[in-house]
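*Asks:* Hey, dropping entry.csv in here, CSV, C-alpha atoms:
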```
chain,number,residue,atom,x,y,z
T,298,MET,CA,0.0,0.0,0.0
T,299,ARG,CA,2.9,2.3,0.9
T,300,ARG,CA,4.5,1.5,-2.4
T,301,GLY,CA,1.1,2.3,-4.2
T,302,ILE,CA,0.9,5.6,-2.4
T,303,SER,CA,4.5,6.4,-3.1
T,304,GLY,CA,3.9,5.6,-6.8
T,305,ILE,CA,0.9,7.9,-6.9
T,306,VAL,CA,2.8,10.7,-5.2
T,307,ALA,CA,5.7,10.2,-7.6
T,308,ALA,CA,3.4,10.3,-10.6
T,309,ALA,CA,1.7,13.4,-9.3
T,310,ALA,CA,5.1,15.0,-8.8
T,311,LEU,CA,6.1,14.1,-12.3
T,312,ALA,CA,2.9,15.6,-13.7
T,313,VAL,CA,3.5,18.8,-11.8
T,314,LEU,CA,7.0,19.0,-13.2
T,315,ALA,CA,5.8,18.3,-16.7
T,316,GLN,CA,3.1,21.0,-16.3
T,317,ALA,CA,5.8,23.4,-15.0
T,318,GLY,CA,8.0,22.6,-17.9
T,319,GLY,CA,5.2,23.2,-20.4
T,320,ALA,CA,4.3,26.4,-18.7
T,321,ALA,CA,7.9,27.5,-19.0
T,322,ALA,CA,7.9,26.7,-22.7
T,323,GLN,CA,4.7,28.7,-23.1
T,324,GLN,CA,6.1,31.6,-21.2
T,325,CYS,CA,9.1,32.2,-23.5
T,326,SER,CA,8.7,35.0,-26.0
T,327,VAL,CA,10.3,36.7,-29.0
T,328,ASN,CA,10.1,40.5,-29.5
T,329,VAL,CA,9.1,41.7,-32.9
T,330,GLY,CA,9.1,45.4,-33.7
T,331,VAL,CA,6.3,46.9,-35.7
T,332,VAL,CA,6.6,50.5,-37.1
T,333,TYR,CA,3.6,51.9,-38.9
T,334,PRO,CA,1.9,55.4,-39.0
T,335,THR,CA,-1.0,54.6,-36.6
T,336,SER,CA,-1.8,58.3,-36.0
T,337,ILE,CA,-3.0,58.5,-39.7
T,338,ASP,CA,-6.3,57.0,-40.7
T,339,TRP,CA,-5.0,54.7,-43.4
T,340,GLY,CA,-2.1,53.6,-41.2
T,341,LYS,CA,-4.2,52.1,-38.3
T,342,PRO,CA,-5.6,49.2,-40.3
T,343,ILE,CA,-2.2,48.4,-41.8
T,344,ALA,CA,-0.8,48.0,-38.3
T,345,ALA,CA,-3.9,46.1,-37.0
T,346,THR,CA,-3.5,43.6,-39.9
T,347,ALA,CA,0.1,42.8,-38.9
T,348,LEU,CA,-0.9,42.4,-35.2
T,349,TRP,CA,-3.7,40.1,-36.3
T,350,VAL,CA,-1.3,37.8,-38.0
T,351,ALA,CA,0.8,37.6,-34.8
T,352,GLU,CA,-2.3,36.7,-32.9
T,353,MET,CA,-3.0,33.8,-35.3
T,354,MET,CA,0.6,32.7,-35.1
T,355,ASN,CA,0.5,32.6,-31.3
T,356,GLU,CA,-2.7,30.6,-31.5
T,357,ALA,CA,-1.0,28.2,-33.9
T,358,GLY,CA,2.0,27.7,-31.5
T,359,GLY,CA,4.2,30.8,-31.8
T,360,VAL,CA,7.7,31.2,-33.1
T,361,ASP,CA,9.6,28.1,-32.2
T,362,GLY,CA,7.2,27.4,-29.3
T,363,CYS,CA,7.5,31.0,-28.0
T,364,LYS,CA,4.9,33.7,-27.9
T,365,VAL,CA,5.3,36.5,-30.4
T,366,GLU,CA,5.4,39.8,-28.5
T,367,THR,CA,4.6,42.5,-31.1
T,368,ILE,CA,5.8,45.9,-30.0
T,369,LEU,CA,4.0,48.6,-32.0
T,370,ARG,CA,5.4,52.1,-32.5
T,371,ASP,CA,3.8,55.0,-34.4
T,372,ASP,CA,6.2,56.6,-36.9
T,373,GLN,CA,3.7,59.5,-37.4
T,374,ASN,CA,4.7,59.4,-41.1
T,375,ASP,CA,7.9,61.3,-40.0
T,376,ALA,CA,11.4,60.1,-40.7
T,377,LYS,CA,12.9,61.2,-37.4
T,378,VAL,CA,10.1,59.8,-35.4
T,379,GLY,CA,10.3,56.5,-37.3
T,380,VAL,CA,14.1,56.2,-36.8
T,381,ASP,CA,13.8,56.9,-33.1
T,382,ALA,CA,11.0,54.3,-32.8
T,383,ALA,CA,13.1,51.7,-34.7
T,384,LYS,CA,16.2,52.4,-32.5
T,385,ALA,CA,14.2,51.8,-29.4
T,386,LEU,CA,12.8,48.5,-30.7
T,387,VAL,CA,16.2,47.3,-31.8
T,388,ASP,CA,18.4,48.7,-29.0
T,389,VAL,CA,16.1,48.4,-26.0
T,390,ASN,CA,13.6,45.7,-27.0
T,391,LYS,CA,16.3,43.7,-28.8
T,392,ALA,CA,14.0,43.0,-31.8
T,393,ARG,CA,15.8,41.0,-34.5
T,394,LEU,CA,12.8,41.4,-36.8
T,395,LEU,CA,11.2,44.7,-37.7
T,396,ILE,CA,7.9,44.9,-39.7
T,397,GLY,CA,7.4,48.2,-41.4
T,398,THR,CA,7.0,50.9,-42.5
T,399,VAL,CA,4.9,52.5,-45.2
T,400,ALA,CA,6.7,55.5,-46.5
T,401,SER,CA,10.0,54.9,-48.4
T,402,GLY,CA,11.3,58.1,-47.0
T,403,ILE,CA,11.1,56.6,-43.6
T,404,THR,CA,12.0,53.0,-44.5
T,405,ILE,CA,15.3,54.1,-46.0
T,406,PRO,CA,16.8,55.9,-43.0
T,407,ILE,CA,15.6,53.1,-40.7
T,408,LEU,CA,17.4,50.6,-42.9
T,409,THR,CA,20.6,52.6,-43.2
T,410,SER,CA,20.9,53.9,-39.6
T,411,VAL,CA,19.2,51.2,-37.5
T,412,THR,CA,18.3,47.7,-38.9
T,413,VAL,CA,21.2,47.0,-41.3
T,414,PRO,CA,23.9,48.2,-38.9
T,415,ALA,CA,22.3,46.1,-36.1
T,416,GLY,CA,21.8,43.0,-38.4
T,417,THR,CA,18.0,43.1,-37.9
T,418,MET,CA,15.8,41.8,-40.7
T,419,GLN,CA,13.2,44.4,-42.0
T,420,ILE,CA,10.2,43.7,-44.2
T,421,SER,CA,7.7,46.3,-45.4
T,422,CYS,CA,4.1,46.1,-46.7
T,423,CYS,CA,4.2,49.2,-48.8
T,424,SER,CA,7.6,51.0,-49.4
T,425,SER,CA,7.8,51.1,-53.2
T,426,THR,CA,10.7,53.3,-54.3
T,427,THR,CA,13.1,51.8,-56.8
T,428,ARG,CA,15.9,53.4,-54.9
T,429,LEU,CA,15.6,50.4,-52.5
T,430,THR,CA,16.1,48.0,-55.4
T,431,ALA,CA,19.3,49.9,-56.3
T,432,MET,CA,20.5,49.9,-52.6
T,433,ALA,CA,19.9,46.1,-52.4
T,434,SER,CA,21.6,45.4,-55.7
T,435,GLU,CA,24.7,47.3,-54.5
T,436,GLY,CA,24.9,45.2,-51.4
T,437,ALA,CA,24.0,48.1,-49.0
T,438,LEU,CA,21.1,46.2,-47.4
T,439,LYS,CA,23.1,42.9,-46.8
T,440,GLY,CA,20.1,40.7,-47.7
T,441,LEU,CA,18.1,41.9,-44.7
T,442,TRP,CA,15.4,43.7,-46.7
T,443,PHE,CA,12.2,42.5,-48.2
T,444,ARG,CA,8.9,44.1,-49.3
T,445,THR,CA,5.6,42.6,-50.3
T,446,PHE,CA,4.6,45.6,-52.4
T,447,ALA,CA,5.7,46.0,-56.1
T,448,THR,CA,7.9,48.9,-56.9
T,449,SER,CA,6.7,52.3,-58.0
T,450,ARG,CA,7.2,51.3,-61.7
T,451,VAL,CA,3.9,49.3,-61.7
T,452,GLN,CA,1.8,52.2,-60.4
T,453,ALA,CA,3.5,54.7,-62.7
T,454,SER,CA,3.0,52.6,-65.7
T,455,VAL,CA,-0.7,51.9,-64.9
T,456,ALA,CA,-1.2,55.7,-64.4
T,457,ALA,CA,0.0,56.2,-68.0
T,458,MET,CA,-2.3,53.3,-69.1
T,459,ALA,CA,-5.3,55.0,-67.4
T,460,ALA,CA,-4.4,58.4,-69.0
T,461,LYS,CA,-4.1,56.8,-72.4
T,462,ASP,CA,-7.4,54.9,-72.1
T,463,ALA,CA,-9.1,58.2,-71.1
T,464,GLY,CA,-7.7,60.0,-74.1
T,465,TYR,CA,-5.7,62.6,-72.1
T,466,LYS,CA,-3.1,64.4,-74.2
T,467,LYS,CA,-1.6,66.6,-71.5
T,468,VAL,CA,-1.0,65.9,-67.9
T,469,THR,CA,0.4,67.9,-64.9
T,470,VAL,CA,2.2,65.9,-62.2
T,471,PHE,CA,2.3,66.8,-58.5
T,472,TYR,CA,4.6,64.6,-56.3
T,473,LYS,CA,5.4,64.6,-52.7
T,474,ASN,CA,8.9,65.8,-52.1
T,475,ASP,CA,10.4,62.7,-50.4
T,476,ASP,CA,12.0,59.5,-51.6
T,477,TRP,CA,8.7,57.8,-52.4
T,478,GLY,CA,7.2,60.8,-54.2
T,479,GLN,CA,10.3,61.7,-56.1
T,480,ASP,CA,10.7,58.2,-57.4
T,481,LEU,CA,7.0,57.7,-58.3
T,482,GLY,CA,6.8,61.2,-59.9
T,483,ARG,CA,9.9,60.6,-62.0
T,484,LEU,CA,8.7,57.2,-63.2
T,485,ALA,CA,5.2,58.6,-63.9
T,486,VAL,CA,6.6,61.4,-66.0
T,487,ALA,CA,8.7,58.9,-68.0
T,488,ALA,CA,5.7,56.6,-68.5
T,489,PHE,CA,3.4,59.4,-69.6
T,490,ARG,CA,5.9,60.6,-72.1
T,491,SER,CA,6.7,57.1,-73.4
T,492,SER,CA,2.9,56.8,-74.0
T,493,GLY,CA,2.8,59.9,-76.1
T,494,ILE,CA,1.3,62.1,-73.4
T,495,GLU,CA,2.7,65.6,-72.8
T,496,VAL,CA,3.7,66.4,-69.2
T,497,THR,CA,3.1,70.1,-68.9
T,498,ALA,CA,4.8,70.4,-65.5
T,499,SER,CA,6.2,68.2,-62.7
T,500,ILE,CA,6.0,70.0,-59.4
T,501,ALA,CA,7.3,69.0,-56.0
T,502,ILE,CA,5.0,69.4,-53.0
T,503,THR,CA,6.8,69.9,-49.7
T,504,ASP,CA,4.9,68.8,-46.6
T,505,GLY,CA,3.8,71.4,-44.1
T,506,GLN,CA,3.5,74.5,-46.3
T,507,PRO,CA,0.8,76.9,-45.3
T,508,SER,CA,-0.3,77.2,-48.9
T,509,TYR,CA,0.3,75.6,-52.3
T,510,ARG,CA,-1.2,78.4,-54.4
T,511,ALA,CA,2.2,79.2,-56.1
T,512,GLU,CA,2.7,75.6,-57.1
T,513,VAL,CA,-0.9,75.2,-58.4
T,514,THR,CA,-0.8,78.5,-60.3
T,515,GLN,CA,2.4,77.3,-62.0
T,516,ALA,CA,0.7,74.0,-62.9
T,517,LEU,CA,-2.5,75.7,-64.3
T,518,ALA,CA,-0.4,77.6,-66.8
T,519,GLY,CA,0.1,74.3,-68.8
T,520,LYS,CA,-3.7,73.9,-69.4
T,521,ALA,CA,-3.5,70.2,-68.8
T,522,ASP,CA,-6.3,67.8,-69.5
T,523,ALA,CA,-5.7,66.0,-66.2
T,524,VAL,CA,-3.6,66.0,-63.1
T,525,TYR,CA,-1.6,63.2,-61.6
T,526,LEU,CA,-1.2,63.1,-57.8
T,527,ALA,CA,1.6,61.2,-56.2
T,528,LEU,CA,0.7,62.6,-52.8
T,529,TYR,CA,-0.4,61.5,-49.4
T,530,PRO,CA,-3.9,62.6,-48.2
T,531,LYS,CA,-2.8,65.6,-46.2
T,532,GLU,CA,-0.9,67.3,-49.0
T,533,GLY,CA,-3.4,65.9,-51.6
T,534,ILE,CA,-6.3,67.6,-49.9
T,535,ALA,CA,-4.5,70.9,-49.7
T,536,VAL,CA,-3.3,70.8,-53.4
T,537,VAL,CA,-6.7,69.6,-54.8
T,538,ARG,CA,-8.6,72.3,-52.9
T,539,GLU,CA,-6.3,75.0,-54.4
T,540,TRP,CA,-6.4,73.3,-57.8
T,541,LEU,CA,-10.2,73.2,-58.0
T,542,SER,CA,-10.7,76.7,-56.5
T,543,LEU,CA,-8.5,78.2,-59.1
T,544,GLY,CA,-10.3,76.5,-62.0
T,545,GLY,CA,-8.3,73.3,-62.4
T,546,THR,CA,-9.9,70.2,-64.0
T,547,ASN,CA,-11.6,67.5,-61.9
T,548,LYS,CA,-10.0,64.9,-64.1
T,549,MET,CA,-7.5,63.4,-61.7
T,550,ILE,CA,-5.4,60.2,-61.5
T,551,GLY,CA,-4.1,59.4,-58.0
T,552,ALA,CA,-1.6,57.0,-56.4
T,553,ASN,CA,-2.8,54.3,-54.0
T,554,SER,CA,-1.8,56.6,-51.1
T,555,LEU,CA,-5.0,58.6,-51.7
T,556,LYS,CA,-7.2,55.6,-50.9
T,557,SER,CA,-8.3,57.4,-47.9
T,558,ASP,CA,-11.7,58.4,-46.3
T,559,ASP,CA,-10.1,61.7,-45.2
T,560,PHE,CA,-9.2,62.5,-48.8
T,561,LYS,CA,-12.6,61.4,-50.1
T,562,ASN,CA,-14.7,63.1,-47.5
T,563,THR,CA,-12.7,66.4,-47.3
T,564,VAL,CA,-12.4,66.9,-51.1
T,565,GLY,CA,-16.0,65.8,-51.5
T,566,MET,CA,-17.6,63.2,-53.8
T,567,GLN,CA,-19.1,66.0,-55.9
T,568,HIS,CA,-15.5,66.8,-57.1
T,569,LEU,CA,-14.3,63.2,-57.5
T,570,GLY,CA,-16.6,62.0,-60.3
T,571,ASN,CA,-13.7,61.9,-62.8
T,572,PHE,CA,-11.1,60.7,-60.3
T,573,VAL,CA,-9.4,57.3,-60.8
T,574,GLY,CA,-6.7,55.8,-58.7
T,575,THR,CA,-4.0,53.2,-59.3
T,576,ASP,CA,-2.8,50.4,-57.1
T,577,THR,CA,-1.1,47.1,-57.2
T,578,SER,CA,-3.6,44.3,-56.7
T,579,THR,CA,-4.0,40.8,-55.4
T,580,PRO,CA,-4.2,38.1,-57.9
T,581,ARG,CA,-7.6,36.4,-58.4
T,582,THR,CA,-6.8,33.4,-56.3
T,583,ASP,CA,-8.6,31.4,-53.6
T,584,SER,CA,-6.1,32.6,-51.0
T,585,ALA,CA,-6.7,36.3,-51.8
T,586,LYS,CA,-10.5,35.7,-51.6
T,587,GLY,CA,-10.0,33.8,-48.3
T,588,PHE,CA,-8.1,36.9,-46.9
T,589,VAL,CA,-11.0,39.2,-47.8
T,590,ALA,CA,-13.5,36.9,-46.0
T,591,ALA,CA,-11.3,36.4,-42.9
T,592,TYR,CA,-10.5,40.2,-42.7
T,593,THR,CA,-14.2,41.0,-43.0
T,594,ALA,CA,-15.0,38.5,-40.2
T,595,LYS,CA,-12.3,39.9,-38.0
T,596,PHE,CA,-12.8,43.6,-38.4
T,597,GLY,CA,-16.4,43.9,-39.5
T,598,LYS,CA,-15.7,45.4,-42.9
T,599,PRO,CA,-13.9,44.4,-46.1
T,600,PRO,CA,-10.2,45.4,-46.5
T,601,ALA,CA,-10.6,48.7,-48.5
T,602,GLY,CA,-7.6,50.7,-47.5
T,603,PRO,CA,-4.1,50.7,-49.1
T,604,GLY,CA,-1.6,48.0,-48.1
T,605,LEU,CA,-3.8,45.7,-46.1
T,606,PRO,CA,-3.2,42.4,-48.0
T,607,ASN,CA,0.5,43.4,-48.3
T,608,SER,CA,0.7,43.9,-44.5
T,609,PHE,CA,-0.8,40.5,-43.9
T,610,ASP,CA,1.7,38.8,-46.1
T,611,ALA,CA,4.7,40.7,-44.8
T,612,ALA,CA,3.9,39.7,-41.2
T,613,ALA,CA,3.1,36.1,-42.1
T,614,ILE,CA,6.2,35.4,-44.2
T,615,ALA,CA,8.5,37.1,-41.7
T,616,LEU,CA,7.1,35.3,-38.7
T,617,LEU,CA,7.2,31.9,-40.4
T,618,ALA,CA,10.8,32.6,-41.4
T,619,TYR,CA,11.6,33.5,-37.8
T,620,HIS,CA,10.1,30.1,-36.7
T,621,ALA,CA,12.1,28.3,-39.3
T,622,ALA,CA,15.3,30.0,-38.1
T,623,GLY,CA,14.6,29.4,-34.4
T,624,LYS,CA,13.9,31.6,-31.4
T,625,GLU,CA,17.5,32.5,-30.9
T,626,ALA,CA,18.1,33.4,-34.6
T,627,THR,CA,19.8,36.6,-35.8
T,628,GLY,CA,18.2,38.9,-38.3
T,629,ALA,CA,20.4,37.4,-41.0
T,630,GLN,CA,19.4,33.9,-40.1
T,631,ILE,CA,15.7,34.9,-40.2
T,632,ALA,CA,16.2,36.5,-43.6
T,633,ALA,CA,18.0,33.4,-44.9
T,634,LYS,CA,14.8,31.3,-44.2
T,635,VAL,CA,12.4,33.5,-46.3
T,636,PRO,CA,13.0,31.4,-49.4
T,637,MET,CA,12.1,28.3,-47.4
T,638,VAL,CA,8.7,29.9,-46.6
T,639,THR,CA,8.1,31.0,-50.2
T,640,ASP,CA,9.4,28.0,-52.1
T,641,PRO,CA,7.2,27.3,-55.2
T,642,ASN,CA,8.0,23.6,-54.8
T,643,GLY,CA,7.0,23.6,-51.1
T,644,GLU,CA,3.7,22.4,-49.7
T,645,LYS,CA,1.0,25.1,-50.2
T,646,ILE,CA,0.0,26.8,-46.9
T,647,VAL,CA,-2.9,29.2,-46.4
T,648,GLY,CA,-2.9,32.2,-44.0
T,649,ASP,CA,-5.2,31.1,-41.2
T,650,VAL,CA,-4.6,29.4,-37.8
T,651,GLU,CA,-4.8,25.9,-39.2
T,652,GLY,CA,-2.5,26.8,-42.1
T,653,PHE,CA,0.0,28.3,-39.7
T,654,LYS,CA,-0.1,25.2,-37.6
T,655,LYS,CA,0.7,23.1,-40.6
T,656,ALA,CA,3.5,25.4,-41.7
T,657,LEU,CA,5.1,25.4,-38.2
T,658,ALA,CA,5.2,21.6,-38.2
T,659,LEU,CA,6.6,21.3,-41.7
T,660,LEU,CA,9.2,24.1,-41.2
T,661,LYS,CA,10.3,22.5,-37.9
T,662,GLN,CA,11.0,19.3,-39.9
T,663,GLY,CA,13.1,21.3,-42.3
T,664,LYS,CA,10.6,21.0,-45.1
T,665,PRO,CA,9.9,24.1,-47.3
T,666,VAL,CA,6.4,25.6,-47.8
T,667,SER,CA,4.8,27.8,-50.4
T,668,PHE,CA,2.8,30.5,-48.4
T,669,GLN,CA,-0.4,31.3,-50.3
T,670,GLY,CA,-1.2,34.7,-48.9
T,671,ALA,CA,-3.5,37.7,-49.4
T,672,THR,CA,-1.5,38.7,-52.5
T,673,GLY,CA,-1.0,35.1,-53.7
T,674,ALA,CA,2.1,33.1,-53.7
T,675,LEU,CA,4.9,35.6,-53.4
T,676,VAL,CA,8.4,34.9,-54.6
T,677,PHE,CA,11.2,37.5,-53.8
T,678,ASP,CA,14.0,38.2,-56.2
T,679,LYS,CA,17.6,38.8,-55.1
T,680,ASN,CA,16.8,42.3,-54.1
T,681,GLY,CA,13.8,41.4,-51.9
T,682,ASP,CA,11.3,42.7,-54.6
T,683,VAL,CA,8.1,41.2,-55.9
T,684,SER,CA,5.9,41.8,-58.9
T,685,ALA,CA,2.1,42.1,-58.9
T,686,PRO,CA,-1.0,42.7,-61.0
T,687,ALA,CA,-2.7,46.1,-60.8
T,688,VAL,CA,-6.1,47.7,-60.5
T,689,ILE,CA,-7.7,51.0,-61.5
T,690,TRP,CA,-10.2,52.1,-58.8
T,691,THR,CA,-12.6,54.9,-58.1
T,692,PHE,CA,-14.4,56.4,-55.0
T,693,ALA,CA,-17.9,55.2,-54.4
T,694,ALA,CA,-20.3,56.6,-51.8
T,695,SER,CA,-19.5,54.0,-49.2
T,696,ALA,CA,-16.4,52.2,-50.4
T,697,ILE,CA,-13.6,51.9,-52.9
T,698,ALA,CA,-14.9,50.6,-56.2
T,699,GLU,CA,-12.7,48.6,-58.6
T,700,LYS,CA,-13.0,49.9,-62.1
T,701,ARG,CA,-10.5,47.6,-63.9
T,702,TYR,CA,-8.3,44.7,-62.9
T,703,ILE,CA,-5.1,44.3,-64.9
T,704,PRO,CA,-3.4,40.9,-64.8
T,705,LEU,CA,0.3,40.7,-64.2
T,706,GLU,CA,0.9,39.6,-67.8
T,707,GLU,CA,-0.9,42.7,-69.1
T,708,VAL,CA,1.0,45.0,-66.7
T,709,ASN,CA,4.3,43.6,-67.8
T,710,ALA,CA,3.3,43.8,-71.5
T,711,PHE,CA,2.4,47.4,-71.2
T,712,ILE,CA,5.7,48.2,-69.4
T,713,ALA,CA,7.5,46.5,-72.2
T,714,THR,CA,6.0,49.0,-74.7
T,715,LEU,CA,7.4,52.0,-72.8
T,716,LYS,CA,10.5,53.5,-74.3
```
How would this structure read if it were set down as structure tokens?
*Replies:*
Amino acid sequence: MRRGISGIVAAAALAVLAQAGGAAAQQCSVNVGVVYPTSIDWGKPIAATALWVAEMMNEAGGVDGCKVETILRDDQNDAKVGVDAAKALVDVNKARLLIGTVASGITIPILTSVTVPAGTMQISCCSSTTRLTAMASEGALKGLWFRTFATSRVQASVAAMAAKDAGYKKVTVFYKNDDWGQDLGRLAVAAFRSSGIEVTASIAITDGQPSYRAEVTQALAGKADAVYLALYPKEGIAVVREWLSLGGTNKMIGANSLKSDDFKNTVGMQHLGNFVGTDTSTPRTDSAKGFVAAYTAKFGKPPAGPGLPNSFDAAAIALLAYHAAGKEATGAQIAAKVPMVTDPNGEKIVGDVEGFKKALALLKQGKPVSFQGATGALVFDKNGDVSAPAVIWTFAASAIAEKRYIPLEEVNAFIATLK
């Protein structure tokens, strides 16, 4: 009887120890930095999407058995604020993975002054300047950089396609005076001209000016058929107000950055009847449709803002690569596992809790997977870039309305026609 009692006590003790060990495993965590402009209306859902992915990853088992602790910082769409936020995440929170940000003019200084020197991997949903491609090809980014958004060349080319389809002969270009705007503006001017469209003026818009009357007056002198806006909502609202008040046309083409309720509501639908926007698009795949359904169930409305599917895929790919590399991995080791997560020959994995569970198990066994995300099955080139289909969109009373979907093959064929 004593032996029986002793056995029961021993078994109970072992069970307690096993539970303690399991709890300890559950209690380990990895810090992941997230930098997005959450103080801006379109930035909040981009960040929320990334955090949602982390929630699902944790429900699926976490990174190498550890909880993903996402530490979110607001860059306020300001380079200095963004760099300071990134430094805190890397230096204080010891993040070896940074997800973000949107603006190329913030992403570049974060890369050059924070993440690359520290050996931290960085992945963005939305930074599109081709300058990043050049930096990567020159070796300046040390293989630590990825983005799930196609470069500015796609949007610039599709803007020319939209102008040509509308029969515009002369276009004025306004661009934000930062890395993103300069790049997109330059590429758009080249695409318009290559399409036989005259560019009457290309005018830089510097953030924070009390008025843009001088710039708008200069632009109006060209008597353009339409205006192209490579601007964020704040400057876009100010410029369009001046433009319309001084008699400018309401025929406008906008970059995806203007996919904003603030822009739509402040400018007013009565002035946006001839406005069309451009954006990269998700392919027409089951995984893309699944993302829309899951996002709608999670947030109570469809994903209508810019960068949401790209944010989902950036977070998912990065966290799966972190798991494949292991909880103690360096940024370089995490980056080295990205191809293992996006291997076209790997088993197809969808972006939900069950899909993540399956991916975690396969990656733990050293087997590659092909992540089928909100933007399809992404494959990065040697510079961390991807390609994508495109869409031309308009503002509707209650949502963004798709006007035309342009498959990747058509996008590439049109780009090939440009001189």
*Asks:* Which residues, written as a ChimeraX atom specification, have at least one atom at most 10 Å from Tyr619 (chain T), with all atoms listed in the file counted and residues fewer than 3 positions away on the same chain left out?
*Replies:* /T:327,329,359-361,393-394,418,613-616,622-628,630-635,638
*Asks:* Have a look at CA of Ser684 (chain T) and CA of Thr448 (chain T) and let me know their distance in Å, one decimal.
*Replies:*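 Separating CA of Ser684 (chain T) from CA of Thr448 (chain T) is a distance of 7.6 Å.
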*Asks:* Hey, can you check how far CA of Asn571 (chain T) sits from CA of Gly551 (chain T)?
*Replies:*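 Result for CA of Asn571 (chain T) versus CA of Gly551 (chain T): 11.0 Å, one decimal.
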*Asks:* What are the nearest atom pairs, with distances in Å to one decimal, for all residues of region 453-495 of chain T that come at most 12 Å from region 506-509 of chain T, using all atoms listed in the file, set out by chain and rising residue number as a tab-separated table?
*Replies:*
```
residue	atom	partner	partner_atom	distance
T:Phe471	CA	T:Tyr509	CA	10.9
T:Lys473	CA	T:Gln506	CA	11.9
T:Asn474	CA	T:Gln506	CA	11.8
```
*Asks:* So how far away is CA of Asp682 (chain T) from CA of Val331 (chain T), in Å?
*Replies:* 20.0 Å
*Asks:* Just checking: using all atoms listed in the file, which residue out of T:Ala535, T:Met637, T:Ile337, T:Val389 ends up closest to Phe677 (chain T)?
*Replies:*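 Closest to Phe677 (chain T) of all the choices is T:Met637.
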*Asks:* Residues at most 10 Å from Ser336 (chain T), counting all atoms listed in the file, excluding those fewer than 3 positions away in the same chain, as a PDB file with C-alpha atoms, in the coordinates of the input?
*Replies:*
```pdb
ATOM      1  CA  TYR T 333       3.600  51.900 -38.900  1.00  0.00           C
ATOM      2  CA  TRP T 339      -5.000  54.700 -43.400  1.00  0.00           C
ATOM      3  CA  GLY T 340      -2.100  53.600 -41.200  1.00  0.00           C
ATOM      4  CA  LYS T 341      -4.200  52.100 -38.300  1.00  0.00           C
ATOM      5  CA  ASP T 371       3.800  55.000 -34.400  1.00  0.00           C
ATOM      6  CA  ASP T 372       6.200  56.600 -36.900  1.00  0.00           C
ATOM      7  CA  GLN T 373       3.700  59.500 -37.400  1.00  0.00           C
ATOM      8  CA  ASN T 374       4.700  59.400 -41.100  1.00  0.00           C
TER       9      ASN T 374
END
```
*Asks:* Write out as an MDAnalysis selection string the residues lying within 10 Å of Val524 (chain T), counting all atoms listed in the file and excluding same-chain residues fewer than 2 positions away.
*Replies:* chainID T and resid 460 465 467:471 496:498 516:517 521:522 526:527 537 540 545:551 572
*Asks:* Give the answer as one residue: which of T:Ser491, T:Val573, T:Asp649, T:Val451 has the shortest atom-to-atom distance to Ala590 (chain T), using all atoms listed in the file?
*Replies:*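 The shortest atom-to-atom distance to Ala590 (chain T) comes from T:Asp649.
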*Asks:* Find, counting only C-alpha atoms, the residue in T:Val486, T:Ile368, T:Ile343, T:Leu675 that gets nearest to Thr398 (chain T).
*Replies:*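 Comparing T:Val486, T:Ile368, T:Ile343, T:Leu675 against Thr398 (chain T), the winner is T:Ile343.
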*Asks:* With only C-alpha atoms as the counted atoms, please give the residues lying no more than 8 Å from Val666 (chain T), apart from itself and same-chain residues fewer than 6 positions off, as an mmCIF file with C-alpha atoms, keeping the file's coordinate frame.
*Replies:*
```cif
data_model
loop_
_atom_site.group_PDB
_atom_site.id
_atom_site.type_symbol
_atom_site.label_atom_id
_atom_site.label_comp_id
_atom_site.auth_asym_id
_atom_site.auth_seq_id
_atom_site.Cartn_x
_atom_site.Cartn_y
_atom_site.Cartn_z
ATOM 1 C CA MET T 637 12.100 28.300 -47.400
ATOM 2 C CA VAL T 638 8.700 29.900 -46.600
ATOM 3 C CA THR T 639 8.100 31.000 -50.200
ATOM 4 C CA ASP T 640 9.400 28.000 -52.100
ATOM 5 C CA PRO T 641 7.200 27.300 -55.200
ATOM 6 C CA ASN T 642 8.000 23.600 -54.800
ATOM 7 C CA GLY T 643 7.000 23.600 -51.100
ATOM 8 C CA GLU T 644 3.700 22.400 -49.700
ATOM 9 C CA LYS T 645 1.000 25.100 -50.200
ATOM 10 C CA ILE T 646 0.000 26.800 -46.900
ATOM 11 C CA ALA T 656 3.500 25.400 -41.700
ATOM 12 C CA LEU T 659 6.600 21.300 -41.700
ATOM 13 C CA LEU T 660 9.200 24.100 -41.200
#
```
*Asks:* Go through T:Gly493, T:Pro636, T:Pro334, T:Pro342 and flag the residue nearest Pro599 (chain T), using only C-alpha atoms for the distances.
*Replies:* T:Pro342
*Asks:* Could you list, as a short mmCIF file (atom, residue, chain, number, x, y, z; two decimals) with C-alpha atoms, keeping the file's coordinate frame, every residue within 7 Å of Ala685 (chain T), counting all atoms listed in the file and ignoring same-chain residues fewer than 5 positions away?
*Replies:*
```cif
data_model
loop_
_atom_site.label_atom_id
_atom_site.label_comp_id
_atom_site.auth_asym_id
_atom_site.auth_seq_id
_atom_site.Cartn_x
_atom_site.Cartn_y
_atom_site.Cartn_z
CA ALA T 447 5.70 46.00 -56.10
CA THR T 577 -1.10 47.10 -57.20
CA SER T 578 -3.60 44.30 -56.70
CA LEU T 705 0.30 40.70 -64.20
#
```
*Asks:* Dump as a ChimeraX atom specification all residues having an atom at most 12 Å from (9.9, 62.6, -58.4), computed in the file's coordinates with all atoms listed in the file.
*Replies:* /T:426-428,449,453,470-487,498-503,525-528
*Asks:* For Ala611 (chain T), which residue out of T:Tyr592, T:Phe692, T:Tyr529, T:Phe446 is the nearest one, using all atoms listed in the file?
*Replies:*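 Among T:Tyr592, T:Phe692, T:Tyr529, T:Phe446, it is T:Phe446 that comes nearest to Ala611 (chain T).
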